[in-house]
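Enquirer: Have a look at the structure that comes next, please.
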Amino acid sequence: MHIDESFFADPHGMYARLRASRSVHRVTGPGGAAAWLVTRYPDVRAALQDPRLSTNAATSHGGDYQGLPLPPALRNDLLHLDPPDHTRLRRLVAPAFTRRAIEGLRPTVQAHTDTLIDAVHPAGEADLLAALALPLPLRVICGLLGLPASAGAQIASWTDALLIPGRPHAILDAMRQAEAQLRDVITHKRRHPADDLLSTLIQARDADDRLTEDELVSLSFILLAAGHDTTASMVCNGILALLDPRMHWERLLARPELLPTAIEELLRYEGPLPLAIRRFATEDLELGGVRISAGDSVLLSLASANRDAAHFPCADDVVLDRTPNPHLSFGRGTHLCLGIPLARLQADVVFATLLRRTPKIELAVPASRLTWRPTHRTRRLESLPVTF
C-alpha cells in the first residue's frame, strides 16, 4: 500500500478500513521509503512510549529513509533526539512552558486575538486562517522567544517549505536561510539580552555550556516552527468542525462552560498532526502481532488512533462533552508535546472570543469546497472563509 498526498486528502475512511483488517500494515511511506503503519489506538499509544522506537534516523541502520534535506545544524533537533540529549535540551526550555508560566501570557494572547479580530470584524467576512489562526501563534511564539512580530512572515515561509513535500531544493534553500538568519538573531541577542526565552538559552550556552551552538540554533528553529504551525492547524480545524454542522457552534453558544472539553474533542476529531514523528526500531520487536526488525521505519497514525471506534464511542462524531477523552494528538512518553499548555491557552482564548464577538459566524462556502493543504506532515485547510 502507498501512503501519498491523495491518501491524506480524506484519510479517515481509509484508516477505518485498515483498522478493521489489522493494526499494523506494511506501506510505502511518503517519500518512497518502506515503513510499518500502526493504526489501532492501543498499539499507537504503546508505541509512542516504547523506548525501543527511536526518533533518531541514525538508528535506521542505512535503511531507505532519507529524511529531509537539512543543513547539519538543523538535523538533530529536539524532535529527533533520544535521551539523554533530548532530556538535557528539553529541561532548558521546559520552565517557559509550565502551566503557570503560560497562564501569565493570557492577557497578551487575548490582546493579540482582539487586535486581529478588530482588523476584519467591520467587513463581516474573513479568511480566518490568514486573519487569525496563523498570525496569532506566530505573534505569541515570536514574543516568547524575543523576536519582533515582523519576523512572523519569514518564519511561516520557512515552515511551509519544510512541510510541503516534493520540493527538496526549496526545503534546503529555506533551511539554509533559516539557519543564517537565526545565527544573526543569536549574535544580536548576545549583545542585547532581554527577558525572553532566546536570551535564556544563550545564557545556558555561553555561561553554563549546557548546549552546543548548533543545538542552540536547532532548538530555536524547532520552537518557532512547531510553536505556530500546529496551533494554527488546531484552531482552523476546530472552527471548521464546529461550523460543519453548525449545531456544535450553537451548543457551545448555549453552554460555553463546555469549552474545555470541546477543545480536547476537537483535537481528537481532527488534530493537527496525522502522524507522529517517524520512529525507527532499535532492536527486533513485536507490535500489534507483527514482527518488526531492527532498523525498520514505523509510522504511528495519531489520526487513526483518535478515531478508533473500539476505544472512542461515536468516534466519527464530534461529542463536545466527551469525558474521558485520552486522545493522542499531543503524543505520549518522551516526546509528549512541550507546548501543550500554550496550545490549549490559545485555543481557549480564540474560541471564547469568537463565541462572544462573532456568535453568528458561518462558513462562507460549503465545506465540500474547502481544500486541505497537500502534505502528510500536518492536517490543515488551505483557507477558511467565513462570514460574521
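If you're wondering about the labels, chains in the C-alpha cells are A, B, ... by order shown, residues count from 1 in each chain, ligands from 1 in order shown.
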Would you give me, as a ChimeraX atom specification, the residues in segment 271-311 of chain A that DSSP reads as strand (DSSP E)?

Expert: /A:279-281,285-287,290-292,297-300

Enquirer: Excluding same-chain residues fewer than 2 positions from Ile186 of chain A, what lies within 9 Å of it counting only C-alpha atoms, as a ChimeraX atom specification?

Expert: /A:181-184,188-191,198-199,202,216-217

Enquirer: Next, the residues of the selection above should be written as a short mmCIF file (atom, residue, chain, number, x, y, z; two decimals), in the first residue's frame with C-alpha atoms.

Expert:
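Just written: part14.cif:
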data_model
loop_
_atom_site.label_atom_id
_atom_site.label_comp_id
_atom_site.auth_asym_id
_atom_site.auth_seq_id
_atom_site.Cartn_x
_atom_site.Cartn_y
_atom_site.Cartn_z
CA GLN A 181 19.10 34.37 9.97
CA LEU A 182 18.82 32.60 13.30
CA ARG A 183 22.58 32.87 13.77
CA ASP A 184 22.29 36.61 13.09
CA HIS A 188 22.28 40.32 18.17
CA LYS A 189 20.76 38.82 21.31
CA ARG A 190 24.20 38.16 22.74
CA ARG A 191 24.90 41.87 22.52
CA LEU A 198 16.11 33.03 23.48
CA SER A 199 18.26 35.15 25.81
CA ILE A 202 22.01 31.90 25.01
CA LEU A 216 21.07 26.46 20.19
CA VAL A 217 20.25 27.17 16.54
#

Enquirer: Would you kindly return, as a compact mmCIF listing (two decimals) with all heavy atoms, in the first residue's frame, each protein, DNA or RNA residue with an atom no farther than 7 Å from any atom of Gln49 of chain A, considering only C-alpha atoms and excluding same-chain residues fewer than 4 positions away?

Expert:
# COMPACT_ATOMS: atom_id res chain seq x y z
N ARG A 45 -0.64 4.00 21.05
CA ARG A 45 -0.32 4.51 22.37
C ARG A 45 0.89 3.80 22.96
O ARG A 45 1.79 4.44 23.52
CB ARG A 45 -1.53 4.36 23.30
CG ARG A 45 -1.24 4.78 24.73
CD ARG A 45 -2.48 4.79 25.58
NE ARG A 45 -2.14 5.01 26.99
CZ ARG A 45 -2.94 5.55 27.88
NH1 ARG A 45 -4.15 5.96 27.52
NH2 ARG A 45 -2.56 5.69 29.13
N ARG A 332 2.67 11.00 23.49
CA ARG A 332 2.85 10.48 24.85
C ARG A 332 4.33 10.19 25.04
O ARG A 332 5.11 10.17 24.09
CB ARG A 332 2.03 9.20 25.09
CG ARG A 332 0.52 9.43 25.18
CD ARG A 332 -0.20 8.16 25.58
NE ARG A 332 0.09 7.77 26.95
CZ ARG A 332 -0.54 8.25 28.01
NH1 ARG A 332 -1.52 9.12 27.87
NH2 ARG A 332 -0.24 7.83 29.22
N GLY A 333 4.71 9.94 26.27
CA GLY A 333 6.06 9.50 26.54
C GLY A 333 7.09 10.61 26.42
O GLY A 333 6.81 11.79 26.64
N THR A 334 8.30 10.23 26.04
CA THR A 334 9.43 11.15 25.99
C THR A 334 9.14 12.36 25.12
O THR A 334 9.53 13.48 25.45
CB THR A 334 10.68 10.41 25.46
OG1 THR A 334 10.99 9.32 26.34
CG2 THR A 334 11.87 11.35 25.38

Enquirer: Which residues, written as a VMD selection string, have at least one atom at most 12 Å from Ala96 of chain A, with only C-alpha atoms counted and residues fewer than 2 positions away on the same chain left out?

Expert: chain A and resid 90 to 94 98 to 105 141 144 to 145 195 to 198 200 to 201 223 338 to 342

Enquirer: Could you please determine the separation between atom CA of Gly238 of chain A and atom CA of Leu78 of chain A in Å, to one decimal place?

Expert: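 Computing it gives 27.0 Å between the two atoms.
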
Enquirer: Taking only C-alpha atoms into account, which of A:Leu252, A:Ala20, A:Met14, A:Ala57 comes nearest Ile277 of chain A?

Expert: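 Nearest candidate to Ile277 of chain A out of A:Leu252, A:Ala20, A:Met14, A:Ala57: A:Ala57.
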
Enquirer: Restricting the calculation to only C-alpha atoms, which member of A:Ala161, A:Leu128, A:Leu275, A:Leu287 is positioned closest to Arg22 of chain A?

Expert: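 Among the listed residues, A:Leu287 lies closest to Arg22 of chain A.
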
Enquirer: Please compute the atom CA of Pro71 of chain A-atom CA of Phe7 of chain A distance, one decimal, in Å.

Expert: 29.5 Å

Enquirer: Can you list, as a count of residues only, every residue of segment 9-226 of chain A that DSSP puts in alpha helix (DSSP H)?

Expert: 125

Enquirer: Taking 2 positions as the minimum chain separation for residues in the same chain, which residues sit within 8 Å of Thr113 of chain A when counting only C-alpha atoms? Answer as a ChimeraX atom specification.

Expert: /A:109-111,115-117,132,136,349-350,353

Enquirer: Name all residues at most 7 Å from segment 33-41 of chain A (count only C-alpha atoms; drop same-chain ones fewer than 2 positions away) and give them as a list of chain:residue names.

Expert: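 Returned residues: A:Tyr15, A:Arg19, A:Ser23, A:Val24, A:His25, A:Arg26, A:Val27, A:Thr28, A:Gly29, A:Pro30, A:Gly31, A:Asp43, A:Val44, A:Arg45, A:Asp64, A:Tyr65, A:Asp296, A:Ser297, A:Val298, A:Leu299, A:Leu300, A:Ser301, A:Ser304, A:Ala305, A:Asn306, A:Asp308, A:His311.
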
Enquirer: Restricted to N, CA and C atoms, what would the selected residues look like written as a short mmCIF file (atom, residue, chain, number, x, y, z; two decimals), in the first residue's frame?

Expert:
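Wrote it out as result-v6.cif, contents follow:
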data_model
loop_
_atom_site.label_atom_id
_atom_site.label_comp_id
_atom_site.auth_asym_id
_atom_site.auth_seq_id
_atom_site.Cartn_x
_atom_site.Cartn_y
_atom_site.Cartn_z
N TYR A 15 -8.39 4.81 6.99
CA TYR A 15 -7.92 4.32 8.29
C TYR A 15 -8.92 3.34 8.90
N ARG A 19 -7.91 -0.38 10.06
CA ARG A 19 -8.10 -0.87 11.43
C ARG A 19 -8.95 -2.12 11.46
N SER A 23 -4.00 -4.10 12.74
CA SER A 23 -3.48 -2.83 13.27
C SER A 23 -2.26 -2.33 12.52
N VAL A 24 -1.36 -3.22 12.15
CA VAL A 24 -0.06 -2.82 11.59
C VAL A 24 0.03 -3.28 10.14
N HIS A 25 0.38 -2.35 9.24
CA HIS A 25 0.39 -2.63 7.81
C HIS A 25 1.73 -2.22 7.21
N ARG A 26 2.19 -2.99 6.25
CA ARG A 26 3.40 -2.64 5.50
C ARG A 26 3.01 -1.66 4.40
N VAL A 27 3.64 -0.51 4.37
CA VAL A 27 3.28 0.52 3.40
C VAL A 27 4.54 1.12 2.80
N THR A 28 4.35 1.79 1.67
CA THR A 28 5.37 2.68 1.13
C THR A 28 5.02 4.07 1.60
N GLY A 29 5.85 4.61 2.48
CA GLY A 29 5.53 5.87 3.12
C GLY A 29 5.77 7.06 2.22
N PRO A 30 5.36 8.25 2.68
CA PRO A 30 5.65 9.48 1.93
C PRO A 30 7.14 9.60 1.67
N GLY A 31 7.51 9.86 0.43
CA GLY A 31 8.91 9.93 0.06
C GLY A 31 9.44 8.64 -0.53
N ASP A 43 -2.12 0.07 20.14
CA ASP A 43 -0.78 -0.13 19.60
C ASP A 43 -0.07 1.20 19.36
N VAL A 44 -0.80 2.22 18.89
CA VAL A 44 -0.19 3.54 18.71
C VAL A 44 0.24 4.09 20.06
N ARG A 45 -0.64 4.00 21.05
CA ARG A 45 -0.32 4.51 22.37
C ARG A 45 0.89 3.80 22.96
N ASP A 64 16.19 2.78 3.69
CA ASP A 64 15.95 3.62 2.52
C ASP A 64 15.32 4.96 2.86
N TYR A 65 15.08 5.22 4.14
CA TYR A 65 14.53 6.52 4.52
C TYR A 65 15.63 7.57 4.50
N ASP A 296 13.90 -0.93 11.09
CA ASP A 296 12.69 -0.67 10.32
C ASP A 296 12.08 0.67 10.72
N SER A 297 11.43 1.30 9.75
CA SER A 297 10.75 2.57 9.94
C SER A 297 9.31 2.33 10.36
N VAL A 298 8.82 3.11 11.34
CA VAL A 298 7.49 2.91 11.89
C VAL A 298 6.74 4.24 11.90
N LEU A 299 5.54 4.25 11.29
CA LEU A 299 4.68 5.43 11.27
C LEU A 299 3.50 5.19 12.20
N LEU A 300 3.32 6.07 13.17
CA LEU A 300 2.25 5.95 14.14
C LEU A 300 1.14 6.93 13.78
N SER A 301 -0.01 6.41 13.41
CA SER A 301 -1.10 7.28 12.97
C SER A 301 -1.92 7.78 14.15
N SER A 304 -5.63 8.03 13.04
CA SER A 304 -6.37 6.77 13.07
C SER A 304 -6.68 6.35 14.50
N ALA A 305 -5.70 6.45 15.38
CA ALA A 305 -5.92 6.07 16.78
C ALA A 305 -7.03 6.89 17.41
N ASN A 306 -7.07 8.17 17.09
CA ASN A 306 -8.07 9.06 17.67
C ASN A 306 -9.48 8.81 17.15
N ASP A 308 -10.47 5.55 16.53
CA ASP A 308 -10.66 4.11 16.73
C ASP A 308 -11.95 3.88 17.52
N HIS A 311 -12.21 2.25 20.90
CA HIS A 311 -11.77 2.99 22.09
C HIS A 311 -12.62 4.23 22.34
#

Enquirer: Please compute the atom CA of His335 of chain A-atom CA of Ala204 of chain A distance, one decimal, in Å.

Expert: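 That distance, rounded to one decimal, is 21.9 Å.
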
Enquirer: I'd like the neighbourhood of segment 176-179 of chain A as a PyMOL selection string, where a residue qualifies if any of its atoms comes within 9 Å (using only C-alpha atoms), though same-chain residues fewer than 6 positions away should be ignored.

Expert: chain A and resi 70-71+73-74+154-155+158+217-218+221

Enquirer: Mind writing the picked residues with N, CA, C and O atoms as an mmCIF file, in the first residue's frame?

Expert:
data_model
loop_
_atom_site.group_PDB
_atom_site.id
_atom_site.type_symbol
_atom_site.label_atom_id
_atom_site.label_comp_id
_atom_site.auth_asym_id
_atom_site.auth_seq_id
_atom_site.Cartn_x
_atom_site.Cartn_y
_atom_site.Cartn_z
ATOM 1 N N LEU A 70 18.247 18.706 5.281
ATOM 2 C CA LEU A 70 18.509 19.810 6.195
ATOM 3 C C LEU A 70 20.003 20.064 6.321
ATOM 4 O O LEU A 70 20.811 19.135 6.237
ATOM 5 N N PRO A 71 20.410 21.329 6.560
ATOM 6 C CA PRO A 71 21.812 21.600 6.876
ATOM 7 C C PRO A 71 22.173 20.944 8.208
ATOM 8 O O PRO A 71 21.290 20.705 9.045
ATOM 9 N N ALA A 73 23.351 21.807 11.035
ATOM 10 C CA ALA A 73 22.985 22.444 12.302
ATOM 11 C C ALA A 73 21.517 22.238 12.660
ATOM 12 O O ALA A 73 21.137 22.381 13.827
ATOM 13 N N LEU A 74 20.671 21.898 11.693
ATOM 14 C CA LEU A 74 19.241 21.749 11.956
ATOM 15 C C LEU A 74 18.780 20.300 11.966
ATOM 16 O O LEU A 74 17.591 20.032 12.130
ATOM 17 N N GLN A 154 8.391 35.563 7.744
ATOM 18 C CA GLN A 154 9.568 34.792 7.344
ATOM 19 C C GLN A 154 9.540 33.394 7.951
ATOM 20 O O GLN A 154 9.834 32.393 7.287
ATOM 21 N N ILE A 155 9.178 33.317 9.218
ATOM 22 C CA ILE A 155 9.111 32.020 9.897
ATOM 23 C C ILE A 155 8.064 31.122 9.234
ATOM 24 O O ILE A 155 8.296 29.927 9.022
ATOM 25 N N TRP A 158 9.449 29.629 6.061
ATOM 26 C CA TRP A 158 10.365 28.517 6.333
ATOM 27 C C TRP A 158 9.576 27.243 6.625
ATOM 28 O O TRP A 158 9.881 26.171 6.099
ATOM 29 N N VAL A 217 20.918 26.798 17.785
ATOM 30 C CA VAL A 217 20.251 27.173 16.535
ATOM 31 C C VAL A 217 19.071 26.242 16.248
ATOM 32 O O VAL A 217 17.960 26.694 15.936
ATOM 33 N N SER A 218 19.288 24.930 16.345
ATOM 34 C CA SER A 218 18.224 23.973 16.010
ATOM 35 C C SER A 218 17.075 24.054 17.005
ATOM 36 O O SER A 218 15.904 23.926 16.628
ATOM 37 N N PHE A 221 15.007 27.046 16.143
ATOM 38 C CA PHE A 221 14.194 26.820 14.944
ATOM 39 C C PHE A 221 12.982 25.957 15.238
ATOM 40 O O PHE A 221 11.861 26.274 14.808
#
